[in-house]
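> The structure follows.
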Amino acid sequence: MKRLLGLFWLSFLLVACGEQSSDSKIVIGTSADYPPFEFYQDGEIVGFEVDLMRMIANHLKKTLVIQDLPFESLIAALQSKRIDLGISAFSKTPERLEKVDFSIPYHQSYTVLIVKKDSAIQSFQDLSNKTVGVQQGSSYETLIQQHWKTQVPNLQLRSLSKIPDLLQDFHSGRIQALVVGNTEGSNLVAKNPDFKIIPIAGTEVSYAIAFPKGSPLVEPVNKLLKQWIGDGTLKKAEQAWMSGKKNIVANHKD
């Protein structure tokens with residue numbers, strides 16, 4: 001009997017310790033192929049959104065755990081609660097709102113085309129008989145499927161999981177244009193002088209953090225975002241990455 005009681009209490013303590021460990025960390029999912037928001041640098045995932053998550057984890061007194069996942073699998077990972085939140089330049093769409101909750105917006109964006117500098121393409125209406133590359137599962141994929149393909153004859157869509165794979169196809173000529181957000185597009189053009197950027201009017205979107213439905217993290221995260229938007233902390237973090245300067249806010253604390 002004593003042995004059985006001892007085993008019972010040992011099991012209880014192990015479970016309790018496991019729960020405490022789980023409560024002490026916050027697991028985020030991201031697709032780390034989207035500079036300057038999240039990308040690998042010297043074997044480490046860095047970027048504006050990674051800095052933002054470090055700040056949130058610090059303020060919530062939790063250990064940050066980052067999982068690099070295919071972009072198209074992030075919503076499913078949130079629904080199954082394998083991750084506590086997702087951050088990967090998510091725009092808040094009606095389809096996604098049926099599956100997950102979102103924070104208030106933390107970044108404003110709009111859609112752009114990336115084409116070769118010598119390309120005759122000047123707008124999405126010029127994509128007839130062209131192949132366009134887009135990240136699988138993104139809102140840009142939905143935009144092309146539901147709107148552009150109905151307006152542009154013989155527009156071909158190539159959806160891939162990773163941006164580097166799309167870039168490889170773009171460089172080789174297998175696709176003639178990339179569709180991304182303006183910040184990501186500006187980053188690509190800055191690194192590739194033979195690219196040019198074409199803004200698409202009327203495509204303004206906001207990026208927000210995604211959570212499992214009913215997550216208790218939504219309220220405290222929104223409170224922090226409101227504070228940092230109001231006092232300029234978020235703008236400072238954003239500008240540091242958008243301008244290419246070294247990270248200056250990863251260790252920001254009260």
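Residue numbers start at 1 in each chain; chains themselves are named A, B, ... in the order of the structure tokens; ligands are numbered from 1 in the order shown.
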Contacts of segment 29-43 of chain A at 9 Å or less, counting only C-alpha atoms, minus same-chain residues fewer than 5 places along, as a count of residues only?

32

> Please identify the strand (DSSP E) residues within segment 96-193 of chain A (assignment by DSSP from backbone atoms) and present them as an MDAnalysis selection string.

chainID A and resid 100:102 107:109 111:116 131:135 156:160 177:181

> Determine, counting only C-alpha atoms, which protein, DNA and RNA residues have an atom within 7 Å of an atom of segment 166-177 of chain A; residues of the same chain fewer than 3 positions away are not included. Present the result as a PyMOL selection string.

chain A and resi 113-115+130-133+160+162-163

> Looking at only C-alpha atoms, which of A:Gly47, A:Lys61, A:Lys99, A:Pro212 is the one that sits closest to Asp23 of chain A?

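Of A:Gly47, A:Lys61, A:Lys99, A:Pro212, the one nearest Asp23 of chain A is A:Lys61, counting only C-alpha atoms.
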
> Atom CA of Asn154 of chain A and atom CA of Lys116 of chain A, how far apart in Å?

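Going from atom CA of Lys116 of chain A over to atom CA of Asn154 of chain A covers 20.3 Å.
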
> Quick one: of A:Leu178, A:Leu64, A:Val218, A:Ala210, who's nearest to Phe195 of chain A, counting only C-alpha atoms?

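Under the stated criterion, the closest residue is A:Leu178.
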
> Go ahead and compute the interatomic distance for atom CA of Ser139 of chain A and atom CA of Tyr207 of chain A, in Å to one decimal.

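Spanning atom CA of Ser139 of chain A to atom CA of Tyr207 of chain A is a straight-line distance of 11.1 Å.
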
> Given the choices A:Ser159, A:Gln135, A:Asn222, A:Asn182, which gets closest to Ile200 of chain A if the distance is worked out from only C-alpha atoms?

A:Asn182
